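Novice: Starting off with a structure, shown below.
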Amino acid sequence: MNMDAALQTFFTESRELLEDMESQLLQLEGIDEAQLQESLNAVFRAAHTIKGSAGIFNLDFIVAFTHVVESVLDRLRNQQIAIDEALVSLLLSCRDHIAALVDAAEAKEPPDVSAGEPLLAELQQYLAADAQPTSHAAATQVANTPPPFERMAADAVSNDCWHISVRFGLNSFRDGMDPLSFLTYLGTLGNLVSVTPLAEFIPALEQYDCESCYLGFAIQFASQASKQEIEDVFEFVKEDSELHIISPNSQLTEYIQLIESMPEIDQRLGEILLQCGALTAAELQRALSRQQQQQPTAPIGEILAHGDASLNPVLDAALTKQSKVRESLAKEQKSLRVDADKLDHLINLVGELVTAGAGTSLLADSLGDGNLCESVSILNGLLEEVRDAALKLRMVPIGATFSRFQRVVRDIAKELGKDIELQITGAETELDKSVVEKIGDPLMHLVRNAIDHGIESQATRLAQGKSERGEISLHAYHDSGNIVIEVGDDGKGLDPEVIRRKAIEKGLLDEQSNLSDEELFNIIFEPGFSTAAQVSNLSGRGVGMDVVKRNIADLRGRVEVLSQLGQGSTMRIILPLTLAIIDGFVIGVADEQYVLPLDTVLECLELNSAELDSTDEPYINLRGQVLPLIFLRDYLAVRGSKPRRQSIVVVQSGGQSAGIVVDRLYGEFQTVIKPLGKLFSRVGCVSGSTILGNGTVALILDIHGLLDAMIAYEQLQYRR
Amino acid sequence: MTAKNSKIVPANQALSELDYANFDESSQYLTFSLNQELYAFGILHVKEILEYGKVTKVPMMPEFIEGVINLRGEVIPVVNLARRFGLAANNVTRRTCIVIVEVSSDDSAQVIGVMVDSVSEVLEITSDNLRNAPSFGAAIRTDFIRAMGKIDDDFVVILAEDKVLSIAEMAMVEQVRELAEQEGLAP
């Protein structure tokens with residue numbers, strides 16, 4: 001086995017588990033009993049898995065720390081200690097520390113174990129605390145169901161025997177383990193009362209792999225050894241084996257747990273019950289025969305339930321397990337983990353296919369064969385569907401990004417002594433994975449700003465008649481080919497007057513200028529602008545909003561500010577659905593073709609050369625407005641003679657309009673964007689390239705960059 | 001850029017590069033001509049050879065950047081090698097080729113098309129037929145030369161691909177030109 005690859009898997013898995021752990025921990029407060037138990041189990045499982053895997057790789061510092069956390073979680077799970085806010089905070093810090101340890105292990109740096117010591121000390125307090133059950137649901141359950149105990153006592157599960165259920169991992173033989181030797185060694189610790197092999201895992205002959213281990217045993221074991229000692233027997237195989245040890249004199253609930261934690265195979269209930277000794281063989285036989293008499297199709301679980309109501313807890317657990325197995329199987333088949341590179345490769349290929357398809361259709365048109373044209377157009381229709389489907393593969397729900405902010409809001413609010421709730425809506429809204437990856441940072445800025453500047457202190461809120469608890473909302477939805485993400489707060493809102501004063505102070509604004517509130521709000525995105533009177537360690541330095549704006553502009557999106565003084569503000573981020581494809585408008589100058597983003601194009605006009613020749617000025621009168629012209633041929637230094645007729649494409653970007661003079665208009669084109677690479681990073685007016693139907697490369701013009709460059713050029717001319 | 005660069009590479013440095021070439025790479029080279037002069041790339045750097053087709057011009061780039069082409073869906077830059085060396089560029093003929101070369105820069109592999117007058121053949125040049133680059137007198141910058149390969153009585157210039165096609169340097173040329181333009185130095 002390649003240890004490095006396995007180690008990498010461990011790091012990835014650990015991070016996922018830690019994330020899961022965090023979201024579960026954040027849910028812990030204020031949910032009902034049943035969910036609480038489930039969440040606690042999930043957290044426990046995460047910690048346990050990390051500990052176990054870390055053990056394989058000898059990452060002892062992770063094992064040592066996680067072990068203590070796990071012990072506390074175990075007590076929580078068994079309701080020996082109660083959950084409260086302080087404990088949740090402590091567990092969150094522990095989670096962070098484990099994350100730091102994992103990071104250190106990955107970076108192969110010495111871990112900062114000392115940081116964990118105060119945490120360990122706190123954890124120890126919970127471990128030392130009196131283990132009085134707070135509300136022992138399991139205990140009451142047991143009290144209500146006395147009859148099963150007699151049965152257990154009558155069966156092979158004699159009161160002073162350990163029940164050990166072990167299923168060896170598939171790879172046990174390959175790893176050089178011999179199950180028999182473990183049993184022999186176990187025999188040295190006590191007396192093996194009975195050993196029942198579990199044959200259910202052995203597949204049909206065709207699927208049988210003679211090198212795999214399908215063995216499992218149910219063992220009755222009489223011994224004075226401690227649980228730890230018995231566990232240690234299976235030390236070498238415990239990582240990939242299923243091992244369950246039930247101590248002598250155990251209660252019924254332990255068996256319920258065993259059923260719940262059994263390997264997830266679709267096994268007959270009766271056998272499960274027989275294995276763990278909750279039922280005698282005779283009773284199982286009776287149930288089976290009754291099943292045949294009554295309804296041949298009724299599941300055995302139901303029959304048993306009819307026959308003996310007292311068995312309900314066990315049966316319920318087993319029934320839930322069966323349905324869970326099916327559910328999880330169904331889920332497994334629904335989603336598939338695919339390497340992102342493979343997906344990108346597929347999308348590239350599909351993009352090429354579309355390009356090739358366009359080429360074929362050009363060729364078919366020129367041949368003029370009707371049948372050929374028709375079949376090509378059907379083919380292209382299908383190709384477009386394939387492309388859309390392929391692009392959809394990259395879409396992921398934004399929920400995971402949103403839920404990260406639960407923690408952020410919680411921590412920062414606590415730090416600032418505010419009480420803030422985060423509302424998330426539209427978490428299922430899907431957008432391109434690359435966008436999701438890049439939207440995290442800007443969102444973080446906006447959320448922090450909302451917490452720090454937006455929401456007032458509790459006292460102020462109460463004085464203004466608002467509820468004590470502030471609210472921040474993250475909302476995502478689709479809107480005509482765009483995705484909109486809103487970060488809202490019900491805080492004090494933006495004060496246009498304050499912004500105006502500050503802007504004049506900083507020289508960003510002329511004193512006479514008369515701006516609408518909306519335009520004033522946009523000033524907050526100017527570099528160096530901050531309305532915060534005091535600089536905190538969170539915000540107020542005036543960096544942030546301009547970074548937000550730039551990051552979002554990089555994603556070809558924009559930000560809008562909506563705000564009502566005293567009512568709160570909302571930052572609205574509008575993003576394109578995908579970075580890979582835009583609607584383009586193809587134009588031609590001499591032999592070269594260029595693509596303009598369609599959303600910048602307003603209209604197309606014919607250039608009246610007579611009008612232009614009479615004056616020297618490069619602008620025209622467009623319905624009473626002055627429209628400056630950019631002669632693309634001259635600007636891009638394209639060689640070739642001018643055609644008799646030229647066209648003007650009226651474009652708009654960032655509030656400026658201009659007319660771009662081109663030779664030909666080719667029309668709309670679905671443009672698959674290809675980056676141009678580092679070599680061309682300095683070319684300001686080109687944002688990328690695409691491949692046209694005939695296989696040649698066309699450059700995508702960046703209208704915003706083009707206009708900026710023109711303005712800068714003019715200013716340079718004036719200076720001379 | 002002048003054709004003759006007087007930068008002198010210390011002999012020991014050139015030697016160590018030579019050793020590296022012998023040690024790590026096969027001794028096969030793809031030879032091609034440029035202004036009647038024979039040059040070569042190490043065969044391991046060459047991915048494929050294309051017939052010269054439509055190259056899309058990219059505005060505001062130095063002269064030696066011919067443009068970009070579509071290589072099976074990837075858009076890759078094409079360098080006009082003659083102009084890169086500061087030599088006179090020949091017209092495009094039927095024998096003009098684009099050699100697709102892979103170079104590594106900043107630990108990422110970069111695929112670049114190189115426009116040459118014509119591709120000749122793949123030659124095997126054993127290490128005892130390799131000579132150090134001359135300290136001066138070569139038609140191109142000496143740091144572009146990895147070694148000189150002796151074939152019979154002739155010499156072929158074996159190019160240092162990573163130097164000739166250094167993205168960082170080529171992008172810098174553009175920056176310098178831009179700065180000069182802003183300062184009003186360039187025409």
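As shown in the structure tokens, the chain order sets the letters A, B, ...; within each chain, residues go from 1, and ligands are also counted from 1 in the order they appear.
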Please identify all residues of chain B having at least one atom at most 10 Å from any atom of chain A, considering only C-alpha atoms, and return them as a count of residues only.
Specialist: 35
Novice: Counting only C-alpha atoms, what is within 12 Å of Ala54 in chain A, bar same-chain residues fewer than 6 positions away, as a ChimeraX atom specification?
Specialist: /A:6-11,13-14,47-48,60-67,98,101-102,105-106,239
Novice: Keeping only C-alpha atoms, write the selected residues as a tab-separated table (two decimals), in the first residue's frame.
Specialist:
chain	number	residue	atom	x	y	z
A	6	ALA	CA	-3.16	6.84	2.11
A	7	LEU	CA	-1.89	9.63	4.31
A	8	GLN	CA	-3.21	12.19	1.85
A	9	THR	CA	-6.59	10.49	1.98
A	10	PHE	CA	-6.44	10.67	5.74
A	11	PHE	CA	-5.87	14.44	5.67
A	13	GLU	CA	-11.02	12.77	5.16
A	14	SER	CA	-10.09	14.33	8.48
A	47	ALA	CA	-13.68	12.14	16.50
A	48	HIS	CA	-13.42	8.38	16.71
A	60	ASP	CA	0.37	9.89	18.29
A	61	PHE	CA	-0.16	13.54	19.18
A	62	ILE	CA	-3.48	13.50	17.35
A	63	VAL	CA	-4.48	10.20	18.94
A	64	ALA	CA	-3.58	11.42	22.43
A	65	PHE	CA	-5.60	14.61	22.18
A	66	THR	CA	-8.54	13.19	20.30
A	67	HIS	CA	-8.80	10.34	22.74
A	98	ILE	CA	-7.42	18.85	16.14
A	101	LEU	CA	-2.73	19.19	14.61
A	102	VAL	CA	-3.83	17.63	11.32
A	105	ALA	CA	1.00	16.68	10.43
A	106	GLU	CA	0.41	17.43	6.78
A	239	GLU	CA	-8.81	-0.62	12.07
Novice: As JSON, numbers by chain, please: the residues near range 442-446 of chain A (cut-off 12 Å, only C-alpha atoms, same-chain neighbours under 4 positions excluded).
Specialist: {"A": [398, 401, 402, 403, 404, 405, 406, 407, 408, 409, 412, 435, 436, 437, 438, 450, 451, 452, 453, 454, 472, 473, 474, 475, 476, 485, 486, 487, 488, 489, 524, 525, 538, 539, 540, 542, 543, 544, 545, 546, 547, 548, 549, 550, 551, 552, 553, 554, 555, 557, 558, 559, 561, 569, 570, 571, 572, 573]}
Novice: Got time to write the residues from that selection, C-alpha atoms, as an mmCIF file, in the first residue's frame?
Specialist:
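part19.cif, written as the output of this step:
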data_model
loop_
_atom_site.group_PDB
_atom_site.id
_atom_site.type_symbol
_atom_site.label_atom_id
_atom_site.label_comp_id
_atom_site.auth_asym_id
_atom_site.auth_seq_id
_atom_site.Cartn_x
_atom_site.Cartn_y
_atom_site.Cartn_z
ATOM 1 C CA ILE A 398 -23.800 27.055 -2.116
ATOM 2 C CA THR A 401 -20.132 27.821 1.898
ATOM 3 C CA PHE A 402 -23.008 29.412 3.758
ATOM 4 C CA SER A 403 -22.940 27.057 6.705
ATOM 5 C CA ARG A 404 -19.280 27.929 7.319
ATOM 6 C CA PHE A 405 -20.546 31.316 8.426
ATOM 7 C CA GLN A 406 -22.533 29.869 11.321
ATOM 8 C CA ARG A 407 -19.271 29.538 13.155
ATOM 9 C CA VAL A 408 -17.957 32.909 12.029
ATOM 10 C CA VAL A 409 -21.076 34.708 13.173
ATOM 11 C CA ILE A 412 -17.352 37.201 16.174
ATOM 12 C CA VAL A 435 -17.258 30.510 -8.333
ATOM 13 C CA VAL A 436 -18.117 28.838 -5.045
ATOM 14 C CA GLU A 437 -14.423 28.551 -4.233
ATOM 15 C CA LYS A 438 -13.761 32.214 -4.883
ATOM 16 C CA ALA A 450 -22.438 43.337 8.888
ATOM 17 C CA ILE A 451 -21.614 42.027 12.345
ATOM 18 C CA ASP A 452 -19.191 44.782 13.241
ATOM 19 C CA HIS A 453 -20.728 47.862 11.603
ATOM 20 C CA GLY A 454 -24.247 46.747 10.843
ATOM 21 C CA ILE A 472 -27.910 38.468 9.641
ATOM 22 C CA SER A 473 -29.237 36.718 6.615
ATOM 23 C CA LEU A 474 -27.532 34.933 3.774
ATOM 24 C CA HIS A 475 -29.821 34.438 0.856
ATOM 25 C CA ALA A 476 -29.141 32.958 -2.559
ATOM 26 C CA ILE A 485 -26.362 36.299 -3.172
ATOM 27 C CA GLU A 486 -27.583 38.727 -0.554
ATOM 28 C CA VAL A 487 -25.935 39.457 2.758
ATOM 29 C CA GLY A 488 -28.448 41.325 4.872
ATOM 30 C CA ASP A 489 -28.566 42.651 8.420
ATOM 31 C CA ILE A 524 -17.929 52.516 0.365
ATOM 32 C CA PHE A 525 -16.219 50.352 -2.252
ATOM 33 C CA LEU A 538 -12.161 43.057 12.573
ATOM 34 C CA SER A 539 -12.721 45.964 10.318
ATOM 35 C CA GLY A 540 -12.476 49.688 10.015
ATOM 36 C CA GLY A 542 -10.782 50.764 5.013
ATOM 37 C CA VAL A 543 -9.430 47.726 3.265
ATOM 38 C CA GLY A 544 -12.035 45.174 2.605
ATOM 39 C CA MET A 545 -14.855 46.632 0.634
ATOM 40 C CA ASP A 546 -12.615 47.522 -2.297
ATOM 41 C CA VAL A 547 -11.160 44.013 -2.139
ATOM 42 C CA VAL A 548 -14.676 42.647 -2.109
ATOM 43 C CA LYS A 549 -15.556 44.640 -5.156
ATOM 44 C CA ARG A 550 -12.421 43.609 -7.003
ATOM 45 C CA ASN A 551 -12.829 39.930 -6.151
ATOM 46 C CA ILE A 552 -16.375 39.993 -7.382
ATOM 47 C CA ALA A 553 -15.406 41.861 -10.521
ATOM 48 C CA ASP A 554 -12.852 39.099 -11.149
ATOM 49 C CA LEU A 555 -15.752 36.673 -11.176
ATOM 50 C CA GLY A 557 -20.020 39.926 -11.136
ATOM 51 C CA ARG A 558 -21.071 43.142 -9.452
ATOM 52 C CA VAL A 559 -22.213 44.369 -6.035
ATOM 53 C CA VAL A 561 -25.912 48.184 -1.880
ATOM 54 C CA SER A 569 -28.612 47.107 4.824
ATOM 55 C CA THR A 570 -28.279 44.427 2.199
ATOM 56 C CA MET A 571 -25.291 43.773 -0.013
ATOM 57 C CA ARG A 572 -26.424 42.144 -3.197
ATOM 58 C CA ILE A 573 -23.835 40.212 -5.191
#
Novice: DSSP on the backbone: what in range 465-626 of chain A comes out strand (DSSP E), as a ChimeraX atom specification?
Specialist: /A:470-479,482-489,558-564,568-576,581-589,592-597,601-606,619-622,625-626
Novice: When you look at His704 in chain A with a cut-off of 9 Å (counting only C-alpha atoms), what residues show up, excluding the ones that are within fewer than 5 positions of it in the same chain? I need them as a list in words.
Specialist: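 Non-adjacent residues within range: Gln652, Ser653, Gly654, Gln656, Cys685 and Ala709 of chain A.
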Novice: Store the residues picked out above, limited to C-alpha atoms, as a tab-separated table (two decimals), in the first residue's frame.
Specialist:
chain	number	residue	atom	x	y	z
A	652	GLN	CA	-21.72	50.20	-22.36
A	653	SER	CA	-19.71	49.37	-19.28
A	654	GLY	CA	-19.43	50.99	-15.91
A	656	GLN	CA	-19.76	54.78	-19.98
A	685	CYS	CA	-8.22	45.05	-23.35
A	709	ALA	CA	-7.34	52.27	-21.70
Novice: Taking into account only C-alpha atoms, which residue in the set A:Pro197, A:Gly491, A:Gly370, A:Gly667 is nearest to Asn449 in chain A?
Specialist: A:Gly491
Novice: So the first atom is CA of Leu44 in chain B and the second is CA of Val103 in chain B; what is the distance between them in Å, to one decimal place?
Specialist: 10.0 Å
Novice: Near Asp517 in chain A, within 12 Å and counting only C-alpha atoms, which residues show up once chain neighbours fewer than 2 positions away are dropped, as a list of chain:residue names?
Specialist: A:Leu494, A:Asp495, A:Pro496, A:Glu497, A:Val498, A:Ile499, A:Arg500, A:Asn514, A:Leu515, A:Glu519, A:Leu520, A:Phe521, A:Asn522, A:Ile523, A:Ile524, A:Val561, A:Leu562, A:Ser563, A:Gln564, A:Leu565
Novice: If you measure from CA of Gly640 in chain A to CA of Asn90 in chain B, what distance in Å do you get, rounded to one decimal?
Specialist: 19.9 Å
Novice: Near range 24-41 of chain B, counting only C-alpha atoms, which residues have an atom at most 9 Å away, once you skip same-chain residues fewer than 6 positions from it, shown as a list in words?
Specialist: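 Result of the neighbour search: Leu81, Ala82, Leu87, Ala88, Ala89, Asn90, Val101, Val116, Asp117, Ser118, Val119, Ser120, Glu121, Val122, Leu123, Glu124, Ile125, Thr126, Ser127, Gly149, Phe155, Val156, Val157, Ile158, Leu159, Ala160 and Glu161 of chain B.
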Novice: Pick out the residues sitting within 6 Å of Glu471 in chain A, and hand them over as a list in words; count only C-alpha atoms, and ignore anything fewer than 4 positions along from it in its own chain.
Specialist: Ile420, Glu421, Leu422, Asp489 and Asp490 of chain A
